[in-house]
>>> print(open('work00.cif').read())   # mmCIF, N, CA and C atoms
data_query
loop_
_atom_site.label_atom_id
_atom_site.label_comp_id
_atom_site.auth_asym_id
_atom_site.auth_seq_id
_atom_site.Cartn_x
_atom_site.Cartn_y
_atom_site.Cartn_z
N MET A 1 133.14 85.07 117.28
CA MET A 1 132.47 83.82 117.61
C MET A 1 131.41 83.53 116.57
N ILE A 2 130.96 82.31 116.55
CA ILE A 2 129.90 81.89 115.64
C ILE A 2 128.68 81.54 116.47
N TYR A 3 127.54 82.15 116.12
CA TYR A 3 126.28 81.88 116.81
C TYR A 3 125.33 81.21 115.83
N LYS A 4 124.85 80.04 116.16
CA LYS A 4 123.88 79.32 115.33
C LYS A 4 122.48 79.80 115.69
N THR A 5 121.79 80.38 114.73
CA THR A 5 120.46 80.95 114.98
C THR A 5 119.41 79.85 115.10
N LYS A 6 118.28 80.22 115.69
CA LYS A 6 117.16 79.30 115.87
C LYS A 6 115.88 79.97 115.39
N GLY A 7 115.15 79.32 114.49
CA GLY A 7 113.85 79.81 114.06
C GLY A 7 113.84 80.92 113.04
N THR A 8 114.97 81.12 112.35
CA THR A 8 115.05 82.19 111.35
C THR A 8 115.59 81.66 110.02
N CYS A 9 115.43 82.46 108.98
CA CYS A 9 115.97 82.10 107.67
C CYS A 9 117.50 82.14 107.69
N SER A 10 118.06 83.08 108.43
CA SER A 10 119.52 83.07 108.59
C SER A 10 119.87 81.88 109.48
N THR A 11 121.02 81.28 109.21
CA THR A 11 121.40 80.07 109.93
C THR A 11 122.56 80.30 110.90
N GLN A 12 123.24 81.43 110.73
CA GLN A 12 124.43 81.66 111.54
C GLN A 12 124.74 83.15 111.57
N ILE A 13 125.31 83.60 112.70
CA ILE A 13 125.80 84.97 112.82
C ILE A 13 127.25 84.90 113.28
N ASP A 14 128.14 85.48 112.50
CA ASP A 14 129.54 85.63 112.90
C ASP A 14 129.62 87.00 113.56
N ILE A 15 130.17 87.06 114.77
CA ILE A 15 130.16 88.31 115.52
C ILE A 15 131.44 88.46 116.33
N ASP A 16 131.90 89.71 116.42
CA ASP A 16 133.07 90.03 117.23
C ASP A 16 132.70 91.21 118.11
N VAL A 17 132.86 91.03 119.43
CA VAL A 17 132.60 92.09 120.39
C VAL A 17 133.87 92.30 121.20
N GLU A 18 134.34 93.55 121.27
CA GLU A 18 135.54 93.88 122.03
C GLU A 18 135.21 95.01 122.99
N ASP A 19 135.53 94.82 124.26
CA ASP A 19 135.29 95.84 125.28
C ASP A 19 133.85 96.34 125.27
N GLY A 20 132.90 95.42 125.03
CA GLY A 20 131.49 95.76 125.05
C GLY A 20 130.98 96.44 123.79
N ILE A 21 131.83 96.62 122.78
CA ILE A 21 131.46 97.27 121.52
C ILE A 21 131.42 96.23 120.41
N ILE A 22 130.36 96.26 119.61
CA ILE A 22 130.22 95.33 118.49
C ILE A 22 131.14 95.80 117.37
N LYS A 23 132.09 94.95 117.00
CA LYS A 23 133.09 95.30 115.98
C LYS A 23 132.76 94.74 114.61
N TYR A 24 132.09 93.58 114.58
CA TYR A 24 131.85 92.90 113.29
C TYR A 24 130.63 92.01 113.42
N VAL A 25 129.78 92.04 112.39
CA VAL A 25 128.61 91.16 112.31
C VAL A 25 128.44 90.70 110.87
N LYS A 26 128.24 89.40 110.68
CA LYS A 26 127.93 88.87 109.34
C LYS A 26 126.92 87.75 109.50
N PHE A 27 125.81 87.85 108.78
CA PHE A 27 124.78 86.83 108.77
C PHE A 27 125.03 85.85 107.63
N THR A 28 124.71 84.59 107.84
CA THR A 28 124.74 83.58 106.78
C THR A 28 123.29 83.24 106.45
N ASN A 29 122.95 83.35 105.17
CA ASN A 29 121.59 83.13 104.65
C ASN A 29 120.65 84.24 105.14
N GLY A 30 119.38 84.12 104.85
CA GLY A 30 118.43 85.16 105.22
C GLY A 30 118.31 86.23 104.14
N CYS A 31 117.68 87.32 104.45
CA CYS A 31 117.45 88.44 103.52
C CYS A 31 118.71 89.29 103.43
N ASN A 32 119.52 89.02 102.45
CA ASN A 32 120.88 89.56 102.36
C ASN A 32 120.96 91.08 102.54
N GLY A 33 120.20 91.83 101.78
CA GLY A 33 120.28 93.29 101.87
C GLY A 33 119.88 93.81 103.23
N ASN A 34 118.77 93.33 103.76
CA ASN A 34 118.31 93.77 105.07
C ASN A 34 119.31 93.41 106.16
N LEU A 35 119.87 92.23 106.09
CA LEU A 35 120.79 91.80 107.14
C LEU A 35 122.13 92.51 107.05
N GLN A 36 122.55 92.87 105.84
CA GLN A 36 123.75 93.71 105.72
C GLN A 36 123.50 95.06 106.38
N GLY A 37 122.30 95.59 106.19
CA GLY A 37 121.95 96.87 106.81
C GLY A 37 121.92 96.79 108.32
N VAL A 38 121.30 95.74 108.86
CA VAL A 38 121.26 95.55 110.31
C VAL A 38 122.68 95.43 110.85
N ALA A 39 123.51 94.64 110.19
CA ALA A 39 124.89 94.45 110.63
C ALA A 39 125.64 95.78 110.68
N ARG A 40 125.52 96.57 109.64
CA ARG A 40 126.23 97.86 109.61
C ARG A 40 125.70 98.83 110.66
N LEU A 41 124.42 98.77 110.93
CA LEU A 41 123.85 99.66 111.94
C LEU A 41 124.37 99.37 113.34
N VAL A 42 124.57 98.10 113.66
CA VAL A 42 125.00 97.76 115.02
C VAL A 42 126.52 97.79 115.20
N GLU A 43 127.28 97.71 114.12
CA GLU A 43 128.73 97.77 114.27
C GLU A 43 129.13 99.12 114.84
N GLY A 44 129.92 99.10 115.91
CA GLY A 44 130.32 100.31 116.61
C GLY A 44 129.40 100.66 117.77
N MET A 45 128.30 99.93 117.90
CA MET A 45 127.32 100.18 118.96
C MET A 45 127.71 99.40 120.22
N LYS A 46 127.35 99.95 121.37
CA LYS A 46 127.52 99.20 122.62
C LYS A 46 126.61 97.98 122.58
N GLY A 47 127.14 96.85 123.03
CA GLY A 47 126.38 95.62 123.01
C GLY A 47 125.07 95.72 123.77
N GLU A 48 125.09 96.36 124.94
CA GLU A 48 123.88 96.50 125.76
C GLU A 48 122.79 97.27 125.01
N ASP A 49 123.21 98.31 124.28
CA ASP A 49 122.24 99.10 123.52
C ASP A 49 121.61 98.29 122.40
N ALA A 50 122.43 97.50 121.70
CA ALA A 50 121.92 96.66 120.62
C ALA A 50 120.94 95.62 121.16
N ILE A 51 121.28 95.01 122.29
CA ILE A 51 120.39 94.01 122.89
C ILE A 51 119.05 94.64 123.23
N ARG A 52 119.10 95.80 123.85
CA ARG A 52 117.87 96.49 124.26
C ARG A 52 116.99 96.84 123.06
N LYS A 53 117.60 97.26 121.97
CA LYS A 53 116.83 97.66 120.79
C LYS A 53 116.30 96.49 119.97
N LEU A 54 117.02 95.38 119.95
CA LEU A 54 116.68 94.27 119.05
C LEU A 54 115.88 93.15 119.71
N ARG A 55 116.04 92.98 121.01
CA ARG A 55 115.40 91.86 121.71
C ARG A 55 113.88 91.95 121.59
N GLY A 56 113.26 90.84 121.21
CA GLY A 56 111.81 90.74 121.16
C GLY A 56 111.20 91.06 119.81
N ILE A 57 112.00 91.49 118.82
CA ILE A 57 111.46 91.74 117.49
C ILE A 57 111.04 90.41 116.88
N LYS A 58 109.87 90.38 116.28
CA LYS A 58 109.36 89.16 115.66
C LYS A 58 109.28 89.34 114.15
N CYS A 59 109.33 88.23 113.43
CA CYS A 59 109.22 88.23 111.97
C CYS A 59 107.94 87.50 111.59
N GLY A 60 106.94 88.26 111.15
CA GLY A 60 105.67 87.66 110.78
C GLY A 60 105.08 86.92 111.96
N SER A 61 104.70 85.67 111.75
CA SER A 61 104.10 84.88 112.83
C SER A 61 105.14 84.11 113.65
N LYS A 62 106.41 84.25 113.30
CA LYS A 62 107.47 83.57 114.05
C LYS A 62 107.65 84.24 115.41
N SER A 63 108.13 83.49 116.37
CA SER A 63 108.34 84.04 117.71
C SER A 63 109.68 84.75 117.85
N THR A 64 110.46 84.80 116.77
CA THR A 64 111.77 85.45 116.78
C THR A 64 112.01 86.08 115.42
N SER A 65 113.18 86.66 115.24
CA SER A 65 113.58 87.28 113.96
C SER A 65 115.10 87.30 113.92
N CYS A 66 115.65 87.69 112.79
CA CYS A 66 117.10 87.81 112.69
C CYS A 66 117.64 88.87 113.66
N PRO A 67 117.00 90.05 113.77
CA PRO A 67 117.48 91.01 114.78
C PRO A 67 117.37 90.47 116.20
N ASP A 68 116.30 89.76 116.52
CA ASP A 68 116.16 89.16 117.85
C ASP A 68 117.28 88.16 118.09
N GLN A 69 117.57 87.31 117.11
CA GLN A 69 118.65 86.34 117.24
C GLN A 69 120.00 87.05 117.38
N LEU A 70 120.16 88.18 116.70
CA LEU A 70 121.39 88.96 116.84
C LEU A 70 121.55 89.43 118.29
N SER A 71 120.47 89.79 118.94
CA SER A 71 120.57 90.22 120.34
C SER A 71 121.12 89.10 121.21
N TYR A 72 120.72 87.86 120.94
CA TYR A 72 121.24 86.72 121.69
C TYR A 72 122.71 86.45 121.35
N ALA A 73 123.07 86.65 120.08
CA ALA A 73 124.46 86.48 119.67
C ALA A 73 125.36 87.51 120.36
N VAL A 74 124.89 88.75 120.43
CA VAL A 74 125.65 89.80 121.11
C VAL A 74 125.82 89.45 122.59
N GLU A 75 124.74 89.02 123.21
CA GLU A 75 124.78 88.65 124.63
C GLU A 75 125.79 87.52 124.87
N GLU A 76 125.78 86.50 124.02
CA GLU A 76 126.69 85.38 124.16
C GLU A 76 128.14 85.82 123.92
N ALA A 77 128.36 86.65 122.91
CA ALA A 77 129.72 87.13 122.62
C ALA A 77 130.25 87.97 123.77
N MET A 78 129.40 88.76 124.40
CA MET A 78 129.83 89.56 125.54
C MET A 78 130.18 88.67 126.73
N LYS A 79 129.42 87.62 126.94
CA LYS A 79 129.72 86.68 128.03
C LYS A 79 131.06 86.00 127.79
N GLN A 80 131.31 85.58 126.54
CA GLN A 80 132.57 84.90 126.22
C GLN A 80 133.75 85.85 126.37
N ALA A 81 133.54 87.11 126.01
CA ALA A 81 134.63 88.10 126.10
C ALA A 81 134.99 88.37 127.56
N ASN A 82 134.02 88.24 128.46
CA ASN A 82 134.26 88.51 129.87
C ASN A 82 134.68 87.27 130.66
N ALA A 83 134.70 86.12 129.99
CA ALA A 83 135.03 84.87 130.69
C ALA A 83 136.53 84.71 130.87
#
>>> encode(input="work00.cif", output="structure tokens")
Amino acid sequence: MIYKTKGTCSTQIDIDVEDGIIKYVKFTNGCNGNLQGVARLVEGMKGEDAIRKLRGIKCGSKSTSCPDQLSYAVEEAMKQANA
């Protein structure tokens, strides 16, 4: 699925979740090296675990961050997979 981010330098997250496991993550725009690292770290992780670890992370004075937005993308992908 494609998740459009809000309030971050990245503009989109492409994500695939199967059976509650994150299979694929790709960020569009943002800090390329850091976001590649975040994506690789969560691939293979249970969605619930990723949400718990990433939710609420802030970037500077912003109220959100790319990892925080990823937690919302994971949550949405899991809802779509169960629909």
>>> closest_residue(input="work00.cif", among="A:Val74, A:Asp14, A:Met1, A:Asn34", to="Gly47 in chain A", atoms="all atoms listed in the file")
A:Val74
>>> resolve_selection(input="work00.cif", expression="the PyMOL selection byres ((chain A and resi 60-65) around 8)", output="PyMOL selection string")
chain A and resi 6-10+56-59+66-71
>>> write_last_selection(input="work00.cif", atoms="N, CA and C atoms", output="PDB file, in the coordinates of the input")
ATOM      1  N   LYS A   6     118.280  80.220 115.690  1.00  0.00           N
ATOM      2  CA  LYS A   6     117.160  79.300 115.870  1.00  0.00           C
ATOM      3  C   LYS A   6     115.880  79.970 115.390  1.00  0.00           C
ATOM      4  N   GLY A   7     115.150  79.320 114.490  1.00  0.00           N
ATOM      5  CA  GLY A   7     113.850  79.810 114.060  1.00  0.00           C
ATOM      6  C   GLY A   7     113.840  80.920 113.040  1.00  0.00           C
ATOM      7  N   THR A   8     114.970  81.120 112.350  1.00  0.00           N
ATOM      8  CA  THR A   8     115.050  82.190 111.350  1.00  0.00           C
ATOM      9  C   THR A   8     115.590  81.660 110.020  1.00  0.00           C
ATOM     10  N   CYS A   9     115.430  82.460 108.980  1.00  0.00           N
ATOM     11  CA  CYS A   9     115.970  82.100 107.670  1.00  0.00           C
ATOM     12  C   CYS A   9     117.500  82.140 107.690  1.00  0.00           C
ATOM     13  N   SER A  10     118.060  83.080 108.430  1.00  0.00           N
ATOM     14  CA  SER A  10     119.520  83.070 108.590  1.00  0.00           C
ATOM     15  C   SER A  10     119.870  81.880 109.480  1.00  0.00           C
ATOM     16  N   GLY A  56     113.260  90.840 121.210  1.00  0.00           N
ATOM     17  CA  GLY A  56     111.810  90.740 121.160  1.00  0.00           C
ATOM     18  C   GLY A  56     111.200  91.060 119.810  1.00  0.00           C
ATOM     19  N   ILE A  57     112.000  91.490 118.820  1.00  0.00           N
ATOM     20  CA  ILE A  57     111.460  91.740 117.490  1.00  0.00           C
ATOM     21  C   ILE A  57     111.040  90.410 116.880  1.00  0.00           C
ATOM     22  N   LYS A  58     109.870  90.380 116.280  1.00  0.00           N
ATOM     23  CA  LYS A  58     109.360  89.160 115.660  1.00  0.00           C
ATOM     24  C   LYS A  58     109.280  89.340 114.150  1.00  0.00           C
ATOM     25  N   CYS A  59     109.330  88.230 113.430  1.00  0.00           N
ATOM     26  CA  CYS A  59     109.220  88.230 111.970  1.00  0.00           C
ATOM     27  C   CYS A  59     107.940  87.500 111.590  1.00  0.00           C
ATOM     28  N   CYS A  66     115.650  87.690 112.790  1.00  0.00           N
ATOM     29  CA  CYS A  66     117.100  87.810 112.690  1.00  0.00           C
ATOM     30  C   CYS A  66     117.640  88.870 113.660  1.00  0.00           C
ATOM     31  N   PRO A  67     117.000  90.050 113.770  1.00  0.00           N
ATOM     32  CA  PRO A  67     117.480  91.010 114.780  1.00  0.00           C
ATOM     33  C   PRO A  67     117.370  90.470 116.200  1.00  0.00           C
ATOM     34  N   ASP A  68     116.300  89.760 116.520  1.00  0.00           N
ATOM     35  CA  ASP A  68     116.160  89.160 117.850  1.00  0.00           C
ATOM     36  C   ASP A  68     117.280  88.160 118.090  1.00  0.00           C
ATOM     37  N   GLN A  69     117.570  87.310 117.110  1.00  0.00           N
ATOM     38  CA  GLN A  69     118.650  86.340 117.240  1.00  0.00           C
ATOM     39  C   GLN A  69     120.000  87.050 117.380  1.00  0.00           C
ATOM     40  N   LEU A  70     120.160  88.180 116.700  1.00  0.00           N
ATOM     41  CA  LEU A  70     121.390  88.960 116.840  1.00  0.00           C
ATOM     42  C   LEU A  70     121.550  89.430 118.290  1.00  0.00           C
ATOM     43  N   SER A  71     120.470  89.790 118.940  1.00  0.00           N
ATOM     44  CA  SER A  71     120.570  90.220 120.340  1.00  0.00           C
ATOM     45  C   SER A  71     121.120  89.100 121.210  1.00  0.00           C
TER      46      SER A  71
END
>>> closest_residue(input="work00.cif", among="A:Glu75, A:Ala81, A:Gly44, A:Asp49", to="Ile22 in chain A", atoms="only N, CA and C atoms")
A:Gly44
>>> atom_distance(input="work00.cif", atom1="CA of Arg40 in chain A", atom2="CA of Thr5 in chain A")
18.7 Å
>>> axis_aligned_box(input="work00.cif", around="range 17-34 of chain A", padding_each_side="4 Å", output="JSON")
{"center_x": 126.5, "center_y": 90.2, "center_z": 113.5, "size_x": 26.1, "size_y": 22.1, "size_z": 31.5}
>>> atom_distance(input="work00.cif", atom1="CA of Gly33 in chain A", atom2="CA of Gly20 in chain A")
25.9 Å
>>> decode(input="work00.cif", residues="range 55-78 of chain A", atoms="N, CA, C and O atoms", output="PDB file, in the first residue's frame")
ATOM      1  N   ARG A  55       6.061   4.830  17.477  1.00  0.00           N
ATOM      2  CA  ARG A  55       5.002   5.808  17.725  1.00  0.00           C
ATOM      3  C   ARG A  55       5.466   6.865  18.720  1.00  0.00           C
ATOM      4  O   ARG A  55       6.025   6.548  19.765  1.00  0.00           O
ATOM      5  N   GLY A  56       5.256   8.131  18.373  1.00  0.00           N
ATOM      6  CA  GLY A  56       5.553   9.238  19.268  1.00  0.00           C
ATOM      7  C   GLY A  56       6.932   9.846  19.104  1.00  0.00           C
ATOM      8  O   GLY A  56       7.238  10.847  19.742  1.00  0.00           O
ATOM      9  N   ILE A  57       7.782   9.281  18.241  1.00  0.00           N
ATOM     10  CA  ILE A  57       9.096   9.867  18.003  1.00  0.00           C
ATOM     11  C   ILE A  57       8.904  11.196  17.277  1.00  0.00           C
ATOM     12  O   ILE A  57       8.126  11.289  16.331  1.00  0.00           O
ATOM     13  N   LYS A  58       9.605  12.215  17.727  1.00  0.00           N
ATOM     14  CA  LYS A  58       9.500  13.546  17.116  1.00  0.00           C
ATOM     15  C   LYS A  58      10.811  13.908  16.433  1.00  0.00           C
ATOM     16  O   LYS A  58      11.867  13.418  16.809  1.00  0.00           O
ATOM     17  N   CYS A  59      10.733  14.791  15.451  1.00  0.00           N
ATOM     18  CA  CYS A  59      11.908  15.276  14.728  1.00  0.00           C
ATOM     19  C   CYS A  59      12.055  16.760  15.014  1.00  0.00           C
ATOM     20  O   CYS A  59      11.250  17.575  14.544  1.00  0.00           O
ATOM     21  N   GLY A  60      13.055  17.103  15.821  1.00  0.00           N
ATOM     22  CA  GLY A  60      13.263  18.502  16.173  1.00  0.00           C
ATOM     23  C   GLY A  60      12.030  19.070  16.842  1.00  0.00           C
ATOM     24  O   GLY A  60      11.469  18.473  17.756  1.00  0.00           O
ATOM     25  N   SER A  61      11.559  20.205  16.350  1.00  0.00           N
ATOM     26  CA  SER A  61      10.381  20.841  16.945  1.00  0.00           C
ATOM     27  C   SER A  61       9.070  20.366  16.309  1.00  0.00           C
ATOM     28  O   SER A  61       7.995  20.808  16.713  1.00  0.00           O
ATOM     29  N   LYS A  62       9.157  19.461  15.341  1.00  0.00           N
ATOM     30  CA  LYS A  62       7.952  18.938  14.693  1.00  0.00           C
ATOM     31  C   LYS A  62       7.228  18.003  15.655  1.00  0.00           C
ATOM     32  O   LYS A  62       7.827  17.384  16.526  1.00  0.00           O
ATOM     33  N   SER A  63       5.932  17.876  15.478  1.00  0.00           N
ATOM     34  CA  SER A  63       5.144  16.998  16.343  1.00  0.00           C
ATOM     35  C   SER A  63       5.167  15.546  15.882  1.00  0.00           C
ATOM     36  O   SER A  63       4.571  14.676  16.511  1.00  0.00           O
ATOM     37  N   THR A  64       5.875  15.262  14.790  1.00  0.00           N
ATOM     38  CA  THR A  64       5.966  13.908  14.243  1.00  0.00           C
ATOM     39  C   THR A  64       7.355  13.711  13.661  1.00  0.00           C
ATOM     40  O   THR A  64       8.225  14.580  13.769  1.00  0.00           O
ATOM     41  N   SER A  65       7.588  12.552  13.064  1.00  0.00           N
ATOM     42  CA  SER A  65       8.864  12.228  12.412  1.00  0.00           C
ATOM     43  C   SER A  65       8.593  11.147  11.382  1.00  0.00           C
ATOM     44  O   SER A  65       7.496  10.572  11.335  1.00  0.00           O
ATOM     45  N   CYS A  66       9.593  10.825  10.593  1.00  0.00           N
ATOM     46  CA  CYS A  66       9.426   9.739   9.623  1.00  0.00           C
ATOM     47  C   CYS A  66       9.159   8.404  10.328  1.00  0.00           C
ATOM     48  O   CYS A  66       8.266   7.672   9.911  1.00  0.00           O
ATOM     49  N   PRO A  67       9.891   8.062  11.411  1.00  0.00           N
ATOM     50  CA  PRO A  67       9.549   6.824  12.118  1.00  0.00           C
ATOM     51  C   PRO A  67       8.133   6.845  12.696  1.00  0.00           C
ATOM     52  O   PRO A  67       7.425   5.837  12.649  1.00  0.00           O
ATOM     53  N   ASP A  68       7.700   7.975  13.230  1.00  0.00           N
ATOM     54  CA  ASP A  68       6.336   8.091  13.751  1.00  0.00           C
ATOM     55  C   ASP A  68       5.328   7.876  12.628  1.00  0.00           C
ATOM     56  O   ASP A  68       4.348   7.132  12.783  1.00  0.00           O
ATOM     57  N   GLN A  69       5.559   8.493  11.474  1.00  0.00           N
ATOM     58  CA  GLN A  69       4.665   8.312  10.332  1.00  0.00           C
ATOM     59  C   GLN A  69       4.678   6.855   9.861  1.00  0.00           C
ATOM     60  O   GLN A  69       3.647   6.319   9.458  1.00  0.00           O
ATOM     61  N   LEU A  70       5.833   6.202   9.944  1.00  0.00           N
ATOM     62  CA  LEU A  70       5.911   4.782   9.594  1.00  0.00           C
ATOM     63  C   LEU A  70       5.006   3.961  10.507  1.00  0.00           C
ATOM     64  O   LEU A  70       4.357   3.021  10.053  1.00  0.00           O
ATOM     65  N   SER A  71       4.919   4.320  11.773  1.00  0.00           N
ATOM     66  CA  SER A  71       4.043   3.576  12.685  1.00  0.00           C
ATOM     67  C   SER A  71       2.593   3.665  12.229  1.00  0.00           C
ATOM     68  O   SER A  71       1.845   2.682  12.308  1.00  0.00           O
ATOM     69  N   TYR A  72       2.184   4.822  11.723  1.00  0.00           N
ATOM     70  CA  TYR A  72       0.821   4.977  11.211  1.00  0.00           C
ATOM     71  C   TYR A  72       0.626   4.203   9.907  1.00  0.00           C
ATOM     72  O   TYR A  72      -0.443   3.640   9.664  1.00  0.00           O
ATOM     73  N   ALA A  73       1.669   4.172   9.078  1.00  0.00           N
ATOM     74  CA  ALA A  73       1.598   3.409   7.831  1.00  0.00           C
ATOM     75  C   ALA A  73       1.456   1.914   8.124  1.00  0.00           C
ATOM     76  O   ALA A  73       0.653   1.223   7.485  1.00  0.00           O
ATOM     77  N   VAL A  74       2.217   1.423   9.103  1.00  0.00           N
ATOM     78  CA  VAL A  74       2.124   0.018   9.494  1.00  0.00           C
ATOM     79  C   VAL A  74       0.716  -0.290   9.999  1.00  0.00           C
ATOM     80  O   VAL A  74       0.101  -1.283   9.608  1.00  0.00           O
ATOM     81  N   GLU A  75       0.207   0.585  10.850  1.00  0.00           N
ATOM     82  CA  GLU A  75      -1.134   0.392  11.408  1.00  0.00           C
ATOM     83  C   GLU A  75      -2.186   0.333  10.299  1.00  0.00           C
ATOM     84  O   GLU A  75      -3.048  -0.556  10.292  1.00  0.00           O
ATOM     85  N   GLU A  76      -2.105   1.238   9.336  1.00  0.00           N
ATOM     86  CA  GLU A  76      -3.056   1.273   8.231  1.00  0.00           C
ATOM     87  C   GLU A  76      -2.916   0.022   7.353  1.00  0.00           C
ATOM     88  O   GLU A  76      -3.916  -0.557   6.947  1.00  0.00           O
ATOM     89  N   ALA A  77      -1.685  -0.388   7.070  1.00  0.00           N
ATOM     90  CA  ALA A  77      -1.462  -1.577   6.243  1.00  0.00           C
ATOM     91  C   ALA A  77      -2.005  -2.821   6.931  1.00  0.00           C
ATOM     92  O   ALA A  77      -2.580  -3.704   6.268  1.00  0.00           O
ATOM     93  N   MET A  78      -1.865  -2.894   8.246  1.00  0.00           N
ATOM     94  CA  MET A  78      -2.397  -4.046   8.981  1.00  0.00           C
ATOM     95  C   MET A  78      -3.919  -4.050   8.949  1.00  0.00           C
ATOM     96  O   MET A  78      -4.533  -5.107   8.798  1.00  0.00           O
TER      97      MET A  78
END
